[in-house]
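First the structure, in the form of structure tokens, and then the observations on it.
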Amino acid sequence: MKSIRDIQIRFIGAGNMATSLISGLFNKGFNTNQIKATNPNYNQREYIRSQFNIQVFDDNNEHFGWPDVVVMAVKPQVMKTALMEIRDNIQHTQPLLVSVAAGITTSQMQDWLQHPNAIIRTMPNTPAAIGQGAIGMYANNEVTDSQRFMCEQIMDAVGTSVWVSEESDMDIVTALSGSGPAYFFTFIKALQAAAEELGLSAENAALLTQQTAVGASLLAERSDVSMDVLIDQVTSPQGTTHAALMQWQHLDFENIVKQAVVAACQRSAELSSDSQ
Ligand SMILES: NC(=O)c1ccc[n+]([C@@H]2O[C@H](COP(=O)([O-])OP(=O)(O)OC[C@H]3O[C@@H](n4cnc5c(N)ncnc54)[C@H](OP(=O)(O)O)[C@@H]3O)[C@@H](O)[C@H]2O)c1
């Protein structure tokens, strides 16, 4: 198995997600000779060069070499064009292809390549930009154990990753962690607004809400007890938390959350089949 220090990675598309991944890889000890990127936009190429001191090309096939991993970090609607551009080089060098594009399936990518290739489809989320992403990964049958390991190393540079064994599970991942940051932001916004409406200053409401969200997340992550036990620890009988939770129970809060996640999951499945 290749040492992580010897892996060569090529990024096709060097926008937001690629920038987060490259930054995370450097934090993990990757060096400038291990990473190359391409991007059609001159200003973005200059930005990437100045940030990371890596080689950045405008042509996806320029200095293609023998990358171990090609990360497809383009928008979903550009994936077909970008893959078709590099298809001969992919066939020749047989690297692991890692896609971060939402809704593009491994079989679509396989069709566009017109030959079998190792492909891993991933679903990162926006906190990956600060190294706190939650990432789902699915590997097709061509992927070897060492390629799985390489992909884990790359994704772990921007967060915490998990494998799913069925590609259809990527719709659940999309509905949970892909869309999930927006659920939490909505909750933070609503909590903050409620405190303000009750009379707290906007500044104090924002600070206390955000710190409560961070503190509760870290406590949930570091505790080895269930969420029910953590809830019980804040809830004394007939106390303030109890009064709030009774309201939620009355409004069927858990069902509201479930319905939202089901809607997101269905939409993800529709989007994947629309782009077939
Ligand atoms: N950002 C996130 O947090 C996030 C989260 C989950 C998944 N993703 C996925 O990550 C992928 C990239 O998203 P992003 O936010 O990084 O988008 P982005 O910032 O727009 O980056 C994509 C880059 O690809 C370039 N590009 C366009 N056509 C190309 C081609 N033929 N060959 C090579 N590069 C090309 C674009 O250049 P131009 O600007 O000049 O067109 C752009 O700089 C998407 O598929 C998205 O679904 C992103």
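Order determines the names: the first chain of the structure tokens is A, the second B, and so forth; residues in each chain are numbered 1 upward, and ligands are numbered 1 upward as they are shown.
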_Quick one: residues within 9 Å of region 112-126 of chain A, only C-alpha atoms, excluding same-chain residues fewer than 2 positions away - as a ChimeraX atom specification?_
/A:17,80-81,83-84,86-88,90-91,94-110,128-130,132-144,147-148,151,155,158-159,161,167,170,173-174,177-181
*asked:* Quick one: residues within 6 Å of Ala264 (chain A), only C-alpha atoms, excluding same-chain residues fewer than 3 positions away - as a ChimeraX atom specification?
replied: /A:175,261,267
*region 205-209 of chain A: which residues within 12 Å, counting only C-alpha atoms, same-chain residues fewer than 4 positions away excluded, as a list in words?*
Phe184, Phe185, Thr186, Phe187, Ile188, Lys189, Ala190, Leu191, Gln192, Ala193, Ala194, Ala195, Glu196, Glu197, Leu198, Gly199, Leu200, Ser201, Ala213, Val214, Gly215 and Ala216 of chain A
Can I get the selection written as a tab-separated table (two decimals), in the first residue's frame, with N, CA and C atoms?
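Dumped everything to selection10.tsv:
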chain	number	residue	atom	x	y	z
A	184	PHE	N	-29.78	23.17	11.37
A	184	PHE	CA	-29.25	23.72	12.62
A	184	PHE	C	-29.22	25.26	12.58
A	185	PHE	N	-28.87	25.82	11.41
A	185	PHE	CA	-28.86	27.29	11.29
A	185	PHE	C	-30.27	27.85	11.51
A	186	THR	N	-31.27	27.13	10.97
A	186	THR	CA	-32.67	27.57	11.13
A	186	THR	C	-33.06	27.54	12.61
A	187	PHE	N	-32.62	26.48	13.29
A	187	PHE	CA	-32.94	26.35	14.72
A	187	PHE	C	-32.26	27.46	15.52
A	188	ILE	N	-30.99	27.71	15.20
A	188	ILE	CA	-30.24	28.78	15.89
A	188	ILE	C	-30.95	30.12	15.69
A	189	LYS	N	-31.36	30.37	14.44
A	189	LYS	CA	-32.03	31.63	14.10
A	189	LYS	C	-33.34	31.78	14.90
A	190	ALA	N	-34.11	30.70	14.96
A	190	ALA	CA	-35.41	30.75	15.65
A	190	ALA	C	-35.23	30.97	17.15
A	191	LEU	N	-34.22	30.29	17.73
A	191	LEU	CA	-33.96	30.41	19.17
A	191	LEU	C	-33.55	31.83	19.53
A	192	GLN	N	-32.65	32.36	18.69
A	192	GLN	CA	-32.15	33.72	18.87
A	192	GLN	C	-33.30	34.73	18.79
A	193	ALA	N	-34.16	34.55	17.78
A	193	ALA	CA	-35.29	35.48	17.58
A	193	ALA	C	-36.24	35.43	18.78
A	194	ALA	N	-36.46	34.22	19.33
A	194	ALA	CA	-37.37	34.08	20.47
A	194	ALA	C	-36.82	34.82	21.68
A	195	ALA	N	-35.49	34.69	21.90
A	195	ALA	CA	-34.87	35.37	23.06
A	195	ALA	C	-34.95	36.88	22.89
A	196	GLU	N	-34.73	37.33	21.65
A	196	GLU	CA	-34.82	38.78	21.37
A	196	GLU	C	-36.23	39.29	21.61
A	197	GLU	N	-37.20	38.52	21.16
A	197	GLU	CA	-38.59	38.93	21.32
A	197	GLU	C	-38.97	39.02	22.80
A	198	LEU	N	-38.34	38.17	23.60
A	198	LEU	CA	-38.62	38.20	25.05
A	198	LEU	C	-37.92	39.37	25.72
A	199	GLY	N	-36.98	40.04	24.98
A	199	GLY	CA	-36.37	41.25	25.54
A	199	GLY	C	-34.86	41.26	25.67
A	200	LEU	N	-34.19	40.14	25.31
A	200	LEU	CA	-32.72	40.12	25.41
A	200	LEU	C	-32.13	40.92	24.25
A	201	SER	N	-30.95	41.53	24.45
A	201	SER	CA	-30.33	42.28	23.35
A	201	SER	C	-29.92	41.30	22.26
A	213	ALA	N	-25.32	26.13	21.31
A	213	ALA	CA	-25.28	25.14	20.22
A	213	ALA	C	-23.93	24.42	20.21
A	214	VAL	N	-22.85	25.17	20.34
A	214	VAL	CA	-21.51	24.56	20.34
A	214	VAL	C	-21.37	23.65	21.57
A	215	GLY	N	-21.75	24.17	22.74
A	215	GLY	CA	-21.60	23.39	23.98
A	215	GLY	C	-22.42	22.11	23.95
A	216	ALA	N	-23.67	22.21	23.48
A	216	ALA	CA	-24.53	21.01	23.44
A	216	ALA	C	-23.98	19.98	22.45
_Residue nearest ligand 1 - candidates A:Ile35, A:Val78, A:Val71, A:Val56, atoms counted: only C-alpha atoms and all ligand atoms_ =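 When distances to ligand 1 are compared using only C-alpha atoms and all ligand atoms, the smallest one comes from A:Val78.
In terms of minimum interatomic distance to Ser20 (chain A), A:Ala157 ranks closest within A:Gln44, A:Val69, A:Lys36, A:Ala157, counting only C-alpha atoms.
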*Identify all residues of region 153-240 of chain A in helix (DSSP H, G or I) (DSSP on the backbone) and supply them as JSON, numbers by chain.*
{"A": [153, 154, 155, 169, 170, 171, 172, 173, 174, 175, 176, 177, 178, 180, 181, 182, 183, 184, 185, 186, 187, 188, 189, 190, 191, 192, 193, 194, 195, 196, 197, 202, 203, 204, 205, 206, 207, 208, 209, 210, 211, 212, 213, 214, 215, 216, 217, 218, 219, 220, 221, 222, 227, 228, 229, 230, 231, 232, 233, 234, 240]}
_Distance criterion (only C-alpha atoms and all ligand atoms): nearest to ligand 1 out of A:Ser236, A:Asn31, A:Ser272, A:Asn204_ = A:Ser272
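Compared by their closest atoms to ligand 1, and using only C-alpha atoms and all ligand atoms, the residues A:Asp145, A:Asp59, A:Asp232, A:Asp224 rank with A:Asp59 nearest.
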